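Coordinates from my_file-v1.txt are shown below (compact mmCIF, C-alpha atoms).
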```txt
# COMPACT_ATOMS: atom_id res chain seq x y z
CA MET W 157 6.82 0.47 -15.49
CA LYS W 158 10.12 -1.09 -14.56
CA GLY W 159 11.42 0.67 -11.54
CA ILE W 160 7.95 0.79 -9.99
CA SER W 161 7.01 -2.86 -10.35
CA ASP W 162 10.14 -4.20 -8.65
CA LYS W 163 9.70 -2.24 -5.39
CA LEU W 164 7.59 -2.98 -2.32
CA GLU W 165 5.27 -5.87 -3.29
CA GLY W 166 7.17 -6.48 -6.52
CA LYS W 167 10.30 -7.27 -4.54
CA TYR W 168 8.49 -10.25 -3.00
CA ARG W 169 6.33 -11.17 -6.00
CA PRO W 170 8.53 -10.91 -9.11
CA GLY W 171 6.60 -10.83 -12.38
CA HIS W 172 3.25 -10.35 -10.68
CA PHE W 173 2.64 -6.81 -11.87
CA SER W 174 3.57 -7.43 -15.50
CA GLY W 175 0.90 -10.14 -15.53
CA VAL W 176 -1.65 -7.81 -13.93
CA ALA W 177 -0.83 -5.03 -16.41
CA THR W 178 -1.21 -7.39 -19.37
CA ILE W 179 -4.61 -8.65 -18.23
CA VAL W 180 -5.92 -5.18 -17.38
CA LEU W 181 -4.74 -3.75 -20.71
CA LYS W 182 -6.42 -6.60 -22.62
CA LEU W 183 -9.63 -6.07 -20.67
CA ILE W 184 -9.62 -2.32 -21.28
CA ASN W 185 -9.11 -2.92 -25.01
CA ILE W 186 -11.75 -5.65 -25.27
CA VAL W 187 -14.54 -3.79 -23.48
CA LYS W 188 -13.43 -0.28 -24.49
CA ALA W 189 -13.68 0.75 -20.84
CA ASN W 190 -14.35 4.41 -20.14
CA LYS W 191 -13.58 3.92 -16.45
CA ILE W 192 -11.77 1.35 -14.37
CA TYR W 193 -11.82 1.01 -10.61
CA PHE W 194 -9.03 -0.17 -8.32
CA GLY W 195 -8.89 -0.45 -4.56
CA GLN W 196 -6.46 1.64 -2.54
CA LYS W 197 -5.60 -1.49 -0.56
CA ASP W 198 -3.50 -2.62 -3.52
CA ALA W 199 -1.69 0.72 -3.70
CA GLN W 200 1.22 -0.39 -5.88
CA GLN W 201 -1.14 -1.94 -8.40
CA ALA W 202 -3.09 1.34 -8.54
CA VAL W 203 0.13 3.31 -9.07
CA LEU W 204 1.19 0.97 -11.88
CA MET W 205 -2.20 1.03 -13.62
CA ARG W 206 -2.31 4.85 -13.43
CA ARG W 207 1.15 4.94 -15.04
CA MET W 208 0.16 2.43 -17.74
CA ILE W 209 -2.94 4.44 -18.66
CA LYS W 210 -0.87 7.60 -18.90
CA ASP W 211 2.09 6.07 -20.77
CA LEU W 212 -0.13 4.31 -23.33
CA ASN W 213 -2.48 7.30 -23.74
CA LEU W 214 -5.49 5.13 -22.99
CA ASP W 215 -8.86 6.85 -23.15
CA THR W 216 -9.85 5.42 -19.78
CA ASP W 217 -10.37 7.17 -16.47
CA MET W 218 -9.10 5.41 -13.38
CA ILE W 219 -10.83 5.73 -10.03
CA VAL W 220 -9.12 4.53 -6.86
CA CYS W 221 -11.65 3.37 -4.27
CA GLU W 222 -11.18 3.62 -0.54
CA THR W 223 -10.00 0.54 1.36
CA MET W 224 -12.87 -1.23 3.06
CA ARG W 225 -12.14 -2.04 6.70
CA GLU W 226 -13.41 -4.24 9.49
CA LEU W 227 -14.71 -2.48 12.61
CA ASN W 228 -11.26 -2.79 14.22
CA GLY W 229 -9.54 -1.15 11.21
CA LEU W 230 -8.19 -4.33 9.61
CA ALA W 231 -8.30 -4.00 5.81
CA ARG W 232 -10.90 -6.35 4.36
CA SER W 233 -9.37 -9.17 2.38
CA SER W 234 -10.18 -12.75 1.46
CA ARG W 235 -6.96 -13.60 3.31
CA ASN W 236 -8.60 -12.61 6.59
CA LEU W 237 -10.47 -15.93 6.47
CA TYR W 238 -7.19 -17.66 7.28
CA LEU W 239 -6.73 -15.67 10.50
CA SER W 240 -7.95 -16.80 13.90
CA ALA W 241 -10.12 -14.39 15.89
CA GLU W 242 -7.08 -13.54 18.02
CA GLU W 243 -4.92 -12.89 14.94
CA LYS W 244 -7.63 -10.65 13.42
CA GLU W 245 -7.74 -8.59 16.59
CA GLU W 246 -3.96 -8.41 16.86
CA ALA W 247 -3.66 -7.47 13.17
CA SER W 248 -5.72 -4.35 13.86
CA VAL W 249 -2.41 -2.83 14.98
CA LEU W 250 -1.43 -2.50 11.31
CA TYR W 251 -4.02 0.18 10.63
CA LYS W 252 -3.26 1.82 13.97
CA ALA W 253 0.39 2.06 12.87
CA LEU W 254 -0.59 3.61 9.54
CA VAL W 255 -2.80 6.19 11.25
CA LYS W 256 0.00 6.92 13.74
CA GLY W 257 2.37 7.46 10.80
CA ARG W 258 -0.04 9.83 9.07
CA GLU W 259 -0.49 11.83 12.27
CA MET W 260 3.26 12.02 12.84
CA ILE W 261 3.75 13.39 9.31
CA LEU W 262 0.92 15.92 9.55
CA ASN W 263 2.04 17.04 13.02
CA LYS W 264 5.65 17.33 11.83
CA GLU W 265 6.85 14.91 14.52
CA VAL W 266 9.31 13.10 12.26
CA ASN W 267 11.90 14.40 9.76
CA THR W 268 12.63 11.47 7.43
CA GLY W 269 10.88 8.54 5.85
CA ALA W 270 13.55 6.19 7.22
CA LYS W 271 12.93 7.40 10.80
CA LEU W 272 9.17 6.96 10.38
CA GLU W 273 9.70 3.42 9.02
CA GLU W 274 11.79 2.63 12.09
CA ILE W 275 9.18 4.05 14.50
CA LEU W 276 6.28 2.21 12.85
CA SER W 277 8.21 -1.06 12.69
CA LYS W 278 8.89 -0.87 16.43
CA PHE W 279 5.26 0.06 17.10
CA ILE W 280 4.00 -3.01 15.23
CA GLU W 281 6.56 -5.37 16.74
CA THR W 282 5.83 -4.09 20.26
CA ASN W 283 2.02 -4.13 19.97
CA SER W 284 1.69 -7.26 17.87
CA PRO W 285 4.04 -9.92 19.25
CA ASN W 286 2.71 -12.66 16.94
CA SER W 287 3.40 -10.69 13.78
CA ARG W 288 6.32 -11.10 11.39
CA LEU W 289 6.76 -7.73 9.74
CA GLN W 290 8.06 -7.98 6.18
CA TYR W 291 8.38 -4.26 5.49
CA VAL W 292 7.19 -0.77 6.26
CA ALA W 293 7.85 1.76 3.49
CA VAL W 294 7.38 5.52 3.27
CA THR W 295 7.36 6.53 -0.40
CA ASP W 296 5.85 9.01 -2.79
CA ASN W 297 2.54 7.87 -4.31
CA GLU W 298 3.64 8.43 -7.91
CA ASN W 299 6.90 6.50 -8.45
CA LEU W 300 7.18 4.72 -5.08
CA GLU W 301 10.51 6.41 -4.39
CA GLN W 302 11.54 6.38 -0.74
CA ILE W 303 10.92 9.72 0.98
CA GLY W 304 14.06 11.32 2.35
CA SER W 305 13.09 14.60 3.97
CA ILE W 306 9.40 14.67 4.85
CA GLU W 307 9.54 18.45 5.30
CA ASP W 308 10.70 18.89 1.69
CA CYS W 309 8.06 16.54 0.27
CA LYS W 310 5.37 18.35 -1.71
CA GLU W 311 3.54 15.31 -3.07
CA ASN W 312 1.29 12.73 -1.45
CA ILE W 313 3.10 10.22 0.75
CA LEU W 314 2.26 6.51 0.76
CA ILE W 315 2.91 4.55 3.93
CA SER W 316 2.65 0.85 3.12
CA LEU W 317 3.42 -2.39 4.87
CA ALA W 318 3.30 -6.16 4.66
CA CYS W 319 3.09 -8.42 7.67
CA PHE W 320 2.60 -12.12 8.38
CA TYR W 321 0.33 -13.69 10.98
CA GLY W 322 1.14 -17.37 10.86
CA ASN W 323 1.28 -18.18 7.14
CA THR W 324 -1.12 -15.38 6.20
CA ARG W 325 0.43 -12.33 4.57
CA LEU W 326 -1.47 -9.06 4.97
CA ILE W 327 -0.84 -5.78 3.18
CA ASP W 328 -2.16 -2.33 3.97
CA ASN W 329 -1.39 1.32 3.33
CA ILE W 330 -2.49 4.87 3.83
CA VAL W 331 -2.01 7.95 1.68
CA VAL W 332 -1.02 11.17 3.42
CA ARG W 333 -2.29 14.16 1.44
CA MET W 334 0.33 16.90 1.52
```
Taking this structure as input, can you express it in the form of structure tokens?
Amino acid sequence: MKGISDKLEGKYRPGHFSGVATIVLKLINIVKANKIYFGQKDAQQAVLMRRMIKDLNLDTDMIVCETMRELNGLARSSRNLYLSAEEKEEASVLYKALVKGREMILNKEVNTGAKLEEILSKFIETNSPNSRLQYVAVTDNENLEQIGSIEDCKENILISLACFYGNTRLIDNIVVRM
């Protein structure tokens, strides 16, 4: 799983995913789980768990559940409790950026992942002046490799981001089905 766990979130949380993988593997083995469920909100974790299940030939099906959202699009998270009402409203721009990115890909309005990252970063910074964007990434949804040419991409694309509002760090993502 090295190579996947040190990108995106792993870059900012070293060792986190090896701990998650260990706990999930122990749980699967203890309860002999037929199915496990992960939320799409934690996209990298879902990618890593899918890989672990495949690599270790575990007899467990994995289901990735849709991200639950507030009415304004903000991904539901316990961290949202630390946001003021104004920050919650401003943070709705994160989902708007992800949707904008998906539409730009599907409408063939952008050629490269790097260009899309640049556009979405500017969109967030312009429409959310109190945010501190940590990253926007456009990768494949299998190995989290950065997408070069979007036109040549035949697999699902993951647009993910991390952003601070005050001391609260929010993550979100969207999968573009190709």
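Residues with any atom within 6 Å of range 183-197 of chain W, counting only C-alpha atoms and excluding same-chain neighbours fewer than 6 positions away, are Thr216, Asp217, Met218, Ile219, Val220, Cys221, Glu222, Thr223 and Asp328 of chain W.
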So which residues are close to (-4.7, 11.4, 2.8), meaning at most 9 Å away in the file's coordinates with only C-alpha atoms counted, and can you show them as an MDAnalysis selection string? chainID W and resid 258 312:314 330:334
12 Å contact set for Leu254 in chain W, only C-alpha atoms, chain neighbours under 5 positions out, as an NGL selection string: :W and (229-231 or 248-249 or 259-261 or 272-273 or 275-277 or 279-280 or 292-294 or 313-318 or 327-332)
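Ranking W:Asp162, W:Glu307, W:Asp215, W:Glu243 by their shortest atom-to-atom distance to Glu265 in chain W, with all atoms listed in the file included, puts W:Glu307 first.
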The distance between CA of Ile306 in chain W and CA of Lys264 in chain W is 8.4 Å
Atom pair CA of Ser233 in chain W + CA of Ala247 in chain W, distance 12.3 Å
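Among the candidates W:Tyr291, W:Val255, W:Ser305, W:Asn283, the residue lying nearest to Asn267 in chain W is W:Ser305 (atoms considered: only C-alpha atoms).
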Taking (-0.7, -2.4, -18.1) in the file's own coordinates, collect the residues within 9 Å, counting all atoms listed in the file, and hand them back as a VMD selection string. chain W and resid 157 173 to 182 204 to 209 212
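Going from CA of Lys244 in chain W to CA of Glu226 in chain W covers 9.5 Å.
Distance annotation: of W:Glu242, W:Gln302, W:Glu281, W:Tyr321, the residue with the minimal separation from Leu164 in chain W is W:Gln302; atom set is all atoms listed in the file.
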Fix up range 298-328 of chain W with N, CA and C atoms, then write it as a CSV table (one decimal), in the coordinates of the input.
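So out-v2.csv came out as:
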```
chain,number,residue,atom,x,y,z
W,298,GLU,N,3.6,8.3,-6.4
W,298,GLU,CA,3.6,8.4,-7.9
W,298,GLU,C,4.6,7.4,-8.5
W,299,ASN,N,5.8,7.4,-7.9
W,299,ASN,CA,6.9,6.5,-8.4
W,299,ASN,C,7.4,5.5,-7.4
W,300,LEU,N,6.8,5.6,-6.2
W,300,LEU,CA,7.2,4.7,-5.1
W,300,LEU,C,8.6,4.9,-4.7
W,301,GLU,N,9.1,6.1,-4.8
W,301,GLU,CA,10.5,6.4,-4.4
W,301,GLU,C,10.5,6.7,-2.9
W,302,GLN,N,11.5,6.1,-2.2
W,302,GLN,CA,11.5,6.4,-0.7
W,302,GLN,C,11.6,7.9,-0.5
W,303,ILE,N,10.9,8.3,0.6
W,303,ILE,CA,10.9,9.7,1.0
W,303,ILE,C,12.1,9.9,1.9
W,304,GLY,N,12.9,10.9,1.5
W,304,GLY,CA,14.1,11.3,2.4
W,304,GLY,C,13.5,12.3,3.4
W,305,SER,N,13.6,13.6,3.1
W,305,SER,CA,13.1,14.6,4.0
W,305,SER,C,11.6,14.8,3.8
W,306,ILE,N,10.9,14.5,4.9
W,306,ILE,CA,9.4,14.7,4.8
W,306,ILE,C,9.1,16.1,4.7
W,307,GLU,N,9.8,17.0,5.3
W,307,GLU,CA,9.5,18.4,5.3
W,307,GLU,C,9.6,19.0,3.9
W,308,ASP,N,10.5,18.4,3.1
W,308,ASP,CA,10.7,18.9,1.7
W,308,ASP,C,9.7,18.2,0.7
W,309,CYS,N,9.0,17.3,1.2
W,309,CYS,CA,8.1,16.5,0.3
W,309,CYS,C,6.8,17.4,0.0
W,310,LYS,N,6.5,17.6,-1.3
W,310,LYS,CA,5.4,18.4,-1.7
W,310,LYS,C,4.3,17.5,-2.3
W,311,GLU,N,4.5,16.2,-2.5
W,311,GLU,CA,3.5,15.3,-3.1
W,311,GLU,C,3.0,14.4,-2.0
W,312,ASN,N,1.9,13.7,-2.4
W,312,ASN,CA,1.3,12.7,-1.4
W,312,ASN,C,2.3,11.6,-1.1
W,313,ILE,N,2.2,11.2,0.2
W,313,ILE,CA,3.1,10.2,0.8
W,313,ILE,C,2.3,8.9,1.0
W,314,LEU,N,2.9,7.8,0.6
W,314,LEU,CA,2.3,6.5,0.8
W,314,LEU,C,3.0,5.8,1.9
W,315,ILE,N,2.3,5.4,2.9
W,315,ILE,CA,2.9,4.6,3.9
W,315,ILE,C,2.3,3.2,3.7
W,316,SER,N,3.2,2.2,3.4
W,316,SER,CA,2.6,0.8,3.1
W,316,SER,C,3.4,-0.2,3.9
W,317,LEU,N,2.8,-1.3,4.1
W,317,LEU,CA,3.4,-2.4,4.9
W,317,LEU,C,2.9,-3.8,4.4
W,318,ALA,N,3.7,-4.8,4.8
W,318,ALA,CA,3.3,-6.2,4.7
W,318,ALA,C,3.7,-6.9,5.9
W,319,CYS,N,2.8,-7.8,6.4
W,319,CYS,CA,3.1,-8.4,7.7
W,319,CYS,C,2.5,-9.8,7.6
W,320,PHE,N,3.1,-10.8,8.3
W,320,PHE,CA,2.6,-12.1,8.4
W,320,PHE,C,2.0,-12.4,9.8
W,321,TYR,N,0.9,-13.1,9.8
W,321,TYR,CA,0.3,-13.7,11.0
W,321,TYR,C,0.2,-15.2,10.6
W,322,GLY,N,1.1,-16.0,11.3
W,322,GLY,CA,1.1,-17.4,10.9
W,322,GLY,C,1.6,-17.4,9.4
W,323,ASN,N,0.9,-18.1,8.6
W,323,ASN,CA,1.3,-18.2,7.1
W,323,ASN,C,0.5,-17.2,6.3
W,324,THR,N,-0.3,-16.3,6.9
W,324,THR,CA,-1.1,-15.4,6.2
W,324,THR,C,-0.4,-14.0,6.1
W,325,ARG,N,-0.2,-13.6,4.8
W,325,ARG,CA,0.4,-12.3,4.6
W,325,ARG,C,-0.6,-11.3,4.3
W,326,LEU,N,-0.5,-10.2,5.1
W,326,LEU,CA,-1.5,-9.1,5.0
W,326,LEU,C,-0.7,-7.8,4.5
W,327,ILE,N,-1.4,-7.1,3.6
W,327,ILE,CA,-0.8,-5.8,3.2
W,327,ILE,C,-1.8,-4.7,3.5
W,328,ASP,N,-1.3,-3.5,3.7
W,328,ASP,CA,-2.2,-2.3,4.0
W,328,ASP,C,-1.4,-1.1,3.7
```
